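Visitor: Take a look at the following structure, please.
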Amino acid sequence: MEVESIIEKKLPENIRGLAKLAYNYWWSWDHKATKMWMYIDEEHWREYKNPVKLLLDVDKERLKELAKDEFFLDLYELVMSNFERYMNEKNTWFSINYPKWDKPIVYLCMEYGIGKSLPIYSGGLGILAGDHIKTASDLGLPLIAVGLLYKHGYFKQKIDENGRQIEEFPSYDPKEMPIKQILKENGEPLLISVPIEDREVYARVFEVNVGRIKLYLLDTDVEQNEDDDRRICDYLYNAELDKRIKQEILLGIGGMRLLKALKIEPGVIHLNEGHPAFANFERIVWYMEEGLSFEEALEVVRGTSVFTTHTPVPAGHDVFPVWFVEEKLRKFFEGLLKEKFLALGKVEEKDPNFNMSLLAIKTSNFINGVSKLHAEVTKKMWLNLWKGVPIDEIPIEGITNGIHTPTWVHEKLARLYDRYMGKVWREHVNLEGIWYAIERIPDKELWEAHLKAKRELIELIKRKIRERNARLGIKEPVPEIDENALIIGFARRFATYKRATLILSDLERLRKIMNNPEMPVYLIFAGKAHPRDEAGKEFLKKVYEVSQMPEFKGKIIIIENYDMGSARLMVAGVDVWLNNPRRPLEASGTSGMKAGLNGVLNLSIYDGWWVEGYNGRNGWVIGEETTEPETEEDDIRDAQSLYDILENEVIPLYYENKEAWISMMKESIKSIAPRFSTHRMVKEYMTKFYTKAMEHGIWLVRDNFRWAREIAAWKKKVLENWGNVSIEKIITEDAKAMEVVINLGNLSPEDVKVELYYGVKVRDYIIEKPHIVELKRPESLGNGEYRYRYEGNALRNIINPCWHYAVRVYPYHPKLPYRFLMGGIIKWRGLLE
């Protein structure tokens with residue numbers, strides 16, 4: 001019998017709707033729903049945050065009590081009414097703005113942070129993916145998400161008496177989770193077949209309801225598989241190269257085969273990071289089976305694929321030996337020209353490595369970094385793919401991350417926002433004008449709401465310390481934390497570049513800062529180091545050792561096992577959110593956005609999202625307000641800046657001018673909440689990428705793939721003839737006219753754009769804010785030569801010795817969404833050569 005049926009039979013009839021609600025994560029971002037679950041059994045809820053397990057474990061007598069409890073029944077009716085109204089809403093933002101859209105957007109990611117009860121996330125990437133699909137639900141997007149179900153999740157963190165991280169990998173029973181296995185009509189499990197090495201590996205499928213969105217999770221732990229294959233999904237980010245690539249084959253190729261099994265035809269594919277990029281291998285084969293050549297199929301795939309990269313360093317991208325990829329996909333490549341597929345993951349023909357991010361780039365027309373700064377970093381990282389193309393014209397955009405506001409706003413603050421802004425903010429989070437109403441909130445009420453969040457965090461800290469002390473047999477009192485004292489929070493992955501120990505650089509200075517009896521300071525740390533990151537573990541151990549020194553005991557505190565539950569309390573319950581990575585290694589960062597939404601002030605390096613978020617009135621910048629990359633040598637300077645800001649600005653302001661502090665809290669909320677919401681982010685994906693990819697895909701497949709064939713043929717012609725293209729000469733008649741003679745060989749003027757490119761040169765080959773003028777109406781000179789003549793105001797500038805110019809020619813097709821999608825195929829001549 002299905003678990004839901006067991007729960008339904010157990011529940012009294014008048015509260016039987018709990019069974020349905022338990023299987024939809026909508027409750028995870030509705031404060032009244034979470035309050036309802038907590039009312040059933042507060043201790044159980046605090047431990048698991050899992051309504052399915054709660055309803056399985058709760059005593060029948062307690063359920064009978066609830067069925068007669070007037071307070072609970074009122075709350076139940078309200079929650080169920082809100083849930084039904086949400087699920088049945090027809091006039092969503094999407095349906096109003098895109099009424100003719102008829103195919104789903106398919107979103108693939110290695111991890112998802114939906115809630116504590118679905119432990120298939122490790123950090124920022126997963127939380128972002130979870131927030132993305134929650135917002136897709138709120139806006140009504142026809143989005144389908146695909147991921148993997150990990151038997152042991154990431155890991156649970158414990159810290160021993162010496163400060164060493166201990167990883168525990170509990171086994172999670174899918175039957176006790178808010179997920180359902182998909183069955184075929186005959187009642188048998190739906191299995192997806194995926195080719196790995198020389199065999200078929202089978203995966204069962206689970207469905208997760210996230211509001212209106214379906215998230216499908218694949219898992220190979222089925223009896224049809226060999227023992228080793230059954231363990232493919234045991235751990236998230238398995239460090240074994242063999243397991244890692246199998247997970248990525250399962251996610252990508254398996255994800256696409258799942259769509260086939262469910263008869264879902266995707267309109268757009270969104271690859272969130274490079275892990276699922278094998279999906280585009282499978283899609284190429286789909287279109288080849290319809291009669292297209294490899295190159296023609298690739299055009300359809302590219303035209304409908306979006307790729308988001310989150311990693312600002314080359315070492316963060318998955319790279320496998322080419323022979324290894326070839327071996328793992330041996331069965332997949334049967335009957336195919338595998339060299340063409342493998343070339344998509346290689347920088348050049350003889351490259352021995354296969355890069356998953358490069359595969360995603362080469363099979364996607366729509367590419368973005370996760371902040372404006374990260375987009376620039378990404379362009380520089382992949383500069384070799386666009387040799388000769390000015391960096392500002394490389395087709396990689398910046399779509400800055402955001403957060404799902406209902407998930408991360410504290411309940412007390414949400415009520416305040418309702419009262420003084422009206423509930424309209426819940427539906428229109430990204431409208432900046434709405435948030436100016438924050439100024440209406442009386443200082444006293446805002447501060448009281450913040451104190452409520454601080455009290456909840458302090459209770460969590462005490463509870464965590466008591467549990468750890470009991471486990472380790474430590475006999476010492478739990479420290480008292482003054483809710484009126486300044487609390488600084490540092491919570492994130494313990495990777496070395498995030499520099500958790502920066503604030504510990506000068507312990508004597510820190511001692512004076514934290515132990516001033518008139519202005520005490522607490523420092524709360526939380527976060528996990530990757531099991532294989534020994535350097536990160538050493539940073540954690542260092543923080544622990546300092547926290548045990550007499551002068552810091554009870555003042556520096558580490559929270560074990562940082563997860564979504566503790567994160568929600570931390571981002572609202574501290575006063576200052578500390579973030580000090582080594583620039584530009586923080587691609588975006590979202591924890592500071594969550595803190596800002598709750599009126600917590602950011603104290604951060606000028607990196608990632610803070611470059612866009614900081615306005616001089618909503619927090620502080622550590623170090624210089626520049627985007628120049630930092631090295632290890634900058635650590636000392638940044639530490640000194642951090643101490644200076646704490647001593648001279650943060651601490652005095654908090655204790656001596658509460659009115660000014662609260663004013664900054666309001667500025668933080670109104671400047672960060674709308675601009676860094678996933679409502680803004682997802683709408684941006686819609687307008688910049690999803691809509692264009694859908695339209696491009698429709699155009700490519702029209703008339704039996706006529707345009708896919710034409711684009712592929714056009715690219716082939718360009719590549720075969722580009723070697724013969726040359727800019728023969730440039731003749732200028734002072735400021736009156738310019739003549740350019742170009743040999744196009746077998747290409748025609750319709751195949752290219754010819755442009756005058758000029759401006760003030762700031763350094764070798766670089767013109768800042770260039771002016772670009774297209775040269776038109778060419779005159780044929782015969783033998784493939786064409787003369788372009790230009791007469792215009794630009795000539796007055798280019799004869800100025802301070803200005804520099806060049807002429808360039810590059811392939812151009814009016815139907816391609818961006819210039820330079822063919823990479824660095826461009827010819828230059830002039831003073832920029």
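Following the order of the structure tokens, chains are lettered A, B, ..., residues in each are numbered from 1, and ligands are numbered from 1.
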With the cut-off set at 12 Å and counting only C-alpha atoms, tabulate each residue of segment 631-714 of chain A with an atom at most that distance from an atom of segment 585-593 of chain A, showing the nearest atom pair and its distance in Å to one decimal, ordered by chain and increasing number, as JSON lines.
Guide:
```
{"residue": "A:Thr631", "atom": "CA", "partner": "A:Leu585", "partner_atom": "CA", "distance": 10.7}
{"residue": "A:Ser668", "atom": "CA", "partner": "A:Met593", "partner_atom": "CA", "distance": 9.4}
{"residue": "A:Ile669", "atom": "CA", "partner": "A:Met593", "partner_atom": "CA", "distance": 9.3}
{"residue": "A:Lys670", "atom": "CA", "partner": "A:Met593", "partner_atom": "CA", "distance": 11.6}
{"residue": "A:Ser671", "atom": "CA", "partner": "A:Met593", "partner_atom": "CA", "distance": 10.2}
{"residue": "A:Ile672", "atom": "CA", "partner": "A:Met593", "partner_atom": "CA", "distance": 6.6}
{"residue": "A:Ala673", "atom": "CA", "partner": "A:Met593", "partner_atom": "CA", "distance": 7.4}
{"residue": "A:Pro674", "atom": "CA", "partner": "A:Met593", "partner_atom": "CA", "distance": 10.2}
{"residue": "A:Arg675", "atom": "CA", "partner": "A:Met593", "partner_atom": "CA", "distance": 9.5}
{"residue": "A:Phe676", "atom": "CA", "partner": "A:Met593", "partner_atom": "CA", "distance": 6.5}
{"residue": "A:Ser677", "atom": "CA", "partner": "A:Met593", "partner_atom": "CA", "distance": 8.2}
{"residue": "A:Thr678", "atom": "CA", "partner": "A:Thr590", "partner_atom": "CA", "distance": 10.5}
```
Visitor: Please provide the set of residues having any atom within 10 Å of Trp26 of chain A, restricted to only C-alpha atoms, with same-chain residues fewer than 2 positions apart removed, written as JSON, numbers by chain.
Guide: {"A": [21, 22, 23, 24, 28, 29, 30, 33, 34, 83, 86, 87, 114, 134, 137, 138, 209, 210, 211, 212, 213, 407]}
Visitor: So which one's closest to Ile403 of chain A, A:Glu483, A:Asp703, A:Glu628, A:Asp131? Using only C-alpha atoms, please.
Guide: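 Using only C-alpha atoms, the shortest distance to Ile403 of chain A belongs to A:Asp131.
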Visitor: Determine the nearest neighbour of Lys512 of chain A from the options A:Leu56, A:Leu821, A:Val752, A:Leu646, counting only C-alpha atoms.
Guide: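 Looking at the shortest contact to Lys512 of chain A, the residue is A:Leu646.
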Visitor: Please provide the set of residues having any atom within 8 Å of segment 681-688 of chain A, restricted to only C-alpha atoms, with same-chain residues fewer than 6 positions apart removed, written as an mmCIF file with C-alpha atoms, in the first residue's frame.
Guide:
```
data_model
loop_
_atom_site.group_PDB
_atom_site.id
_atom_site.type_symbol
_atom_site.label_atom_id
_atom_site.label_comp_id
_atom_site.auth_asym_id
_atom_site.auth_seq_id
_atom_site.Cartn_x
_atom_site.Cartn_y
_atom_site.Cartn_z
ATOM 1 C CA HIS A 132 14.493 28.947 -8.921
ATOM 2 C CA THR A 135 9.659 30.969 -7.997
ATOM 3 C CA ALA A 136 8.785 29.252 -11.272
ATOM 4 C CA ILE A 399 21.926 37.317 -14.768
ATOM 5 C CA THR A 400 22.511 37.934 -11.087
ATOM 6 C CA ASN A 401 21.204 35.319 -8.681
ATOM 7 C CA GLY A 402 18.350 36.008 -6.308
#
```
Visitor: Excluding same-chain residues fewer than 4 positions from segment 780-786 of chain A, what lies within 8 Å of it counting only C-alpha atoms, as JSON, numbers by chain?
Guide: {"A": [741, 742, 743, 744, 745, 746, 747, 748]}
Visitor: Which residues are close to Pro178 of chain A, i.e. within 8 Å by only C-alpha atoms, leaving aside same-chain residues fewer than 5 positions away? Reply as a compact mmCIF listing (two decimals) with N, CA, C and O atoms, in the first residue's frame.
Guide:
```txt
# COMPACT_ATOMS: atom_id res chain seq x y z
N ALA A 22 1.06 17.18 2.71
CA ALA A 22 2.38 16.69 3.12
C ALA A 22 3.28 16.41 1.93
O ALA A 22 4.51 16.49 2.04
N TYR A 23 2.66 16.09 0.79
CA TYR A 23 3.45 15.74 -0.40
C TYR A 23 3.62 16.92 -1.37
O TYR A 23 3.95 16.71 -2.53
N ASN A 24 3.44 18.10 -0.88
CA ASN A 24 3.72 19.26 -1.72
C ASN A 24 4.50 20.28 -0.91
O ASN A 24 4.03 20.78 0.10
N TYR A 25 5.71 20.58 -1.39
CA TYR A 25 6.60 21.47 -0.64
C TYR A 25 6.13 22.92 -0.59
O TYR A 25 6.84 23.77 -0.06
N ASN A 50 9.73 17.32 8.36
CA ASN A 50 9.26 16.37 7.36
C ASN A 50 7.82 15.97 7.69
O ASN A 50 7.59 15.17 8.60
N PRO A 51 6.83 16.51 6.97
CA PRO A 51 5.43 16.22 7.32
C PRO A 51 5.03 14.77 7.08
O PRO A 51 4.13 14.26 7.77
N VAL A 52 5.66 14.10 6.11
CA VAL A 52 5.33 12.70 5.86
C VAL A 52 5.76 11.84 7.04
O VAL A 52 4.99 11.04 7.58
N SER A 117 13.98 18.31 4.71
CA SER A 117 13.53 16.91 4.62
C SER A 117 13.88 16.25 3.29
O SER A 117 13.59 15.07 3.10
N LEU A 118 14.48 17.00 2.37
CA LEU A 118 14.95 16.43 1.10
C LEU A 118 16.43 16.77 0.98
O LEU A 118 16.81 17.72 0.30
N VAL A 208 8.57 14.86 -7.04
CA VAL A 208 8.48 15.79 -5.93
C VAL A 208 7.61 16.96 -6.39
O VAL A 208 7.89 17.57 -7.43
```
Visitor: Report the residues of segment 157-214 of chain A whose backbone DSSP state falls under strand (DSSP E), written as a list of chain:residue names.
Guide: A:Gln157, A:Lys158, A:Ile159, A:Gln165, A:Ile166, A:Glu167, A:Glu168, A:Lys180, A:Gln181, A:Leu191, A:Ile192, A:Ser193, A:Val194, A:Pro195, A:Ile196, A:Arg199, A:Glu200, A:Val201, A:Tyr202, A:Ala203, A:Arg204, A:Val205, A:Phe206, A:Glu207, A:Val208, A:Asn209, A:Val210, A:Ile213, A:Lys214
Visitor: Go ahead and dump the residues you just picked, C-alpha atoms, as a tab-separated table (two decimals), in the first residue's frame.
Guide:
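As written to disk, out_2.tsv reads:
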```
chain	number	residue	atom	x	y	z
A	157	GLN	CA	28.44	17.27	10.22
A	158	LYS	CA	29.66	16.67	13.73
A	159	ILE	CA	32.63	18.37	15.36
A	165	GLN	CA	34.89	17.56	11.31
A	166	ILE	CA	33.27	14.14	11.43
A	167	GLU	CA	31.05	13.22	8.46
A	168	GLU	CA	28.07	10.97	8.96
A	180	LYS	CA	6.42	9.56	-4.55
A	181	GLN	CA	7.76	6.85	-6.80
A	191	LEU	CA	12.35	2.43	-15.02
A	192	ILE	CA	14.61	4.53	-17.25
A	193	SER	CA	17.37	2.79	-19.16
A	194	VAL	CA	20.73	4.59	-19.47
A	195	PRO	CA	23.76	3.29	-21.43
A	196	ILE	CA	26.93	3.17	-19.32
A	199	ARG	CA	25.48	-2.20	-20.47
A	200	GLU	CA	22.15	-0.63	-19.71
A	201	VAL	CA	21.77	0.80	-16.20
A	202	TYR	CA	18.24	1.24	-14.88
A	203	ALA	CA	16.88	4.03	-12.72
A	204	ARG	CA	13.60	4.37	-10.87
A	205	VAL	CA	11.88	7.74	-10.81
A	206	PHE	CA	10.51	9.81	-7.94
A	207	GLU	CA	8.22	12.80	-8.24
A	208	VAL	CA	8.48	15.79	-5.93
A	209	ASN	CA	5.74	18.42	-5.95
A	210	VAL	CA	7.10	21.91	-5.39
A	213	ILE	CA	6.25	22.42	-10.37
A	214	LYS	CA	7.23	18.78	-10.80
```
Visitor: As a ChimeraX atom specification, please: every residue in segment 328-403 of chain A that a backbone DSSP assignment puts in helix (DSSP H, G or I).
Guide: /A:328,338-343,356-362,372-381,383-386,391-393
Visitor: If you count only C-alpha atoms, which residues fall within 12 Å of Ile622 of chain A, apart from same-chain ones fewer than 4 positions away, as a ChimeraX atom specification?
Guide: /A:502-503,578-583,602-607,610-611,614,626,634-646,649-650
Visitor: Based on the selection just made, write N, CA and C atoms of those residues as a compact mmCIF listing (two decimals), in the first residue's frame.
Guide:
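The resulting file, again.txt, is reproduced below:
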```txt
# COMPACT_ATOMS: atom_id res chain seq x y z
N LEU A 502 39.89 34.81 8.39
CA LEU A 502 40.42 36.16 8.19
C LEU A 502 40.26 37.02 9.44
N ILE A 503 39.11 36.92 10.09
CA ILE A 503 38.85 37.73 11.28
C ILE A 503 39.68 37.27 12.48
N LEU A 578 28.79 38.60 7.78
CA LEU A 578 30.18 38.75 7.37
C LEU A 578 30.48 37.86 6.17
N ASN A 579 31.10 38.46 5.16
CA ASN A 579 31.46 37.73 3.94
C ASN A 579 32.79 38.27 3.44
N ASN A 580 33.83 37.43 3.48
CA ASN A 580 35.14 37.94 3.09
C ASN A 580 35.94 36.98 2.21
N PRO A 581 35.37 36.59 1.05
CA PRO A 581 36.13 35.72 0.13
C PRO A 581 37.26 36.50 -0.53
N ARG A 582 38.12 35.77 -1.19
CA ARG A 582 39.18 36.42 -1.97
C ARG A 582 38.64 36.71 -3.37
N ARG A 583 38.48 37.98 -3.68
CA ARG A 583 37.90 38.40 -4.96
C ARG A 583 38.75 37.92 -6.13
N ASN A 602 25.07 43.82 5.73
CA ASN A 602 26.19 43.09 5.14
C ASN A 602 27.50 43.82 5.37
N LEU A 603 28.50 43.06 5.76
CA LEU A 603 29.88 43.52 5.87
C LEU A 603 30.69 42.60 4.98
N SER A 604 31.02 43.08 3.78
CA SER A 604 31.48 42.15 2.76
C SER A 604 32.59 42.72 1.90
N ILE A 605 33.41 41.81 1.38
CA ILE A 605 34.34 42.13 0.31
C ILE A 605 33.53 42.59 -0.90
N TYR A 606 34.10 43.45 -1.70
CA TYR A 606 33.43 43.96 -2.90
C TYR A 606 33.56 42.90 -4.00
N ASP A 607 32.67 41.92 -3.93
CA ASP A 607 32.74 40.78 -4.85
C ASP A 607 31.34 40.25 -5.08
N TRP A 610 27.52 41.69 -4.22
CA TRP A 610 27.67 42.90 -3.43
C TRP A 610 28.17 44.08 -4.27
N VAL A 611 28.84 43.77 -5.40
CA VAL A 611 29.25 44.83 -6.33
C VAL A 611 28.01 45.58 -6.83
N TYR A 614 25.68 46.89 -3.02
CA TYR A 614 26.16 47.92 -2.08
C TYR A 614 25.86 49.31 -2.62
N THR A 626 36.84 47.92 -5.39
CA THR A 626 37.38 47.66 -6.71
C THR A 626 37.06 46.23 -7.10
N ASP A 634 46.89 39.96 -0.21
CA ASP A 634 45.86 40.94 0.18
C ASP A 634 45.15 40.56 1.48
N ASP A 635 45.39 39.35 1.98
CA ASP A 635 44.68 38.90 3.17
C ASP A 635 44.93 39.81 4.37
N ILE A 636 46.19 40.20 4.58
CA ILE A 636 46.53 41.03 5.74
C ILE A 636 45.84 42.39 5.64
N ARG A 637 45.88 42.97 4.44
CA ARG A 637 45.26 44.28 4.25
C ARG A 637 43.76 44.20 4.48
N ASP A 638 43.12 43.14 3.97
CA ASP A 638 41.68 42.98 4.16
C ASP A 638 41.33 42.77 5.63
N ALA A 639 42.18 42.01 6.34
CA ALA A 639 41.93 41.79 7.76
C ALA A 639 42.00 43.10 8.53
N GLN A 640 42.99 43.93 8.21
CA GLN A 640 43.11 45.22 8.88
C GLN A 640 41.90 46.10 8.60
N SER A 641 41.43 46.07 7.35
CA SER A 641 40.25 46.83 6.98
C SER A 641 39.04 46.34 7.77
N LEU A 642 38.91 45.02 7.91
CA LEU A 642 37.79 44.44 8.65
C LEU A 642 37.80 44.92 10.10
N TYR A 643 38.97 44.86 10.75
CA TYR A 643 39.06 45.32 12.13
C TYR A 643 38.74 46.81 12.24
N ASP A 644 39.26 47.60 11.31
CA ASP A 644 39.02 49.05 11.34
C ASP A 644 37.52 49.37 11.25
N ILE A 645 36.85 48.68 10.33
CA ILE A 645 35.41 48.94 10.15
C ILE A 645 34.63 48.53 11.39
N LEU A 646 34.99 47.39 11.97
CA LEU A 646 34.30 46.96 13.19
C LEU A 646 34.51 47.95 14.32
N GLU A 649 33.25 51.85 12.91
CA GLU A 649 31.95 52.10 12.29
C GLU A 649 30.86 51.18 12.84
N VAL A 650 31.03 49.88 12.68
CA VAL A 650 29.95 48.95 12.99
C VAL A 650 29.58 48.97 14.48
```
Visitor: Can you work out the spacing between atom CA of Leu719 of chain A and atom CA of Tyr805 of chain A in Å, to one decimal?
Guide: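 We find that atom CA of Leu719 of chain A and atom CA of Tyr805 of chain A lie 26.6 Å from each other.
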Visitor: Tell me which of A:Asn721, A:Ser95, A:Asn353, A:Thr405 sits closest to Lys594 of chain A, counting only C-alpha atoms.
Guide: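 Going through A:Asn721, A:Ser95, A:Asn353, A:Thr405 one by one, the smallest distance to Lys594 of chain A is for A:Thr405.
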Visitor: Would you work out the distance separating atom CA of Leu108 of chain A from atom CA of Lys379 of chain A, expressed in Å to one decimal?
Guide: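 Computed distance, atom CA of Leu108 of chain A to atom CA of Lys379 of chain A, equals 22.9 Å.
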Visitor: What is the distance between atom CA of Ser364 of chain A and atom CA of Phe332 of chain A, in Å to one decimal?
Guide: 21.2 Å
Visitor: Choose the residue, out of A:Leu569, A:Met665, A:Leu11, A:Leu148, that has the smallest atom-to-atom separation from Gly596 of chain A; count only C-alpha atoms.
Guide: A:Met665
Visitor: Quick one: everything within 8 Å of segment 230-234 of chain A, counting only C-alpha atoms, minus sequence neighbours fewer than 4 positions away in the same chain. Send it as a ChimeraX atom specification.
Guide: /A:148-153,219-223,225-226,243,246-247
Visitor: Counting only C-alpha atoms, which residue out of A:Met514, A:Ala529, A:Ile15, A:Met738 sits closest to Tyr790 of chain A?
Guide: A:Met738
Visitor: Which one is closest to Ser81 of chain A: A:Lys542, A:Lys32, A:Arg532, A:Lys761? Count only C-alpha atoms.
Guide: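 Result for the nearest residue to Ser81 of chain A: A:Lys32.
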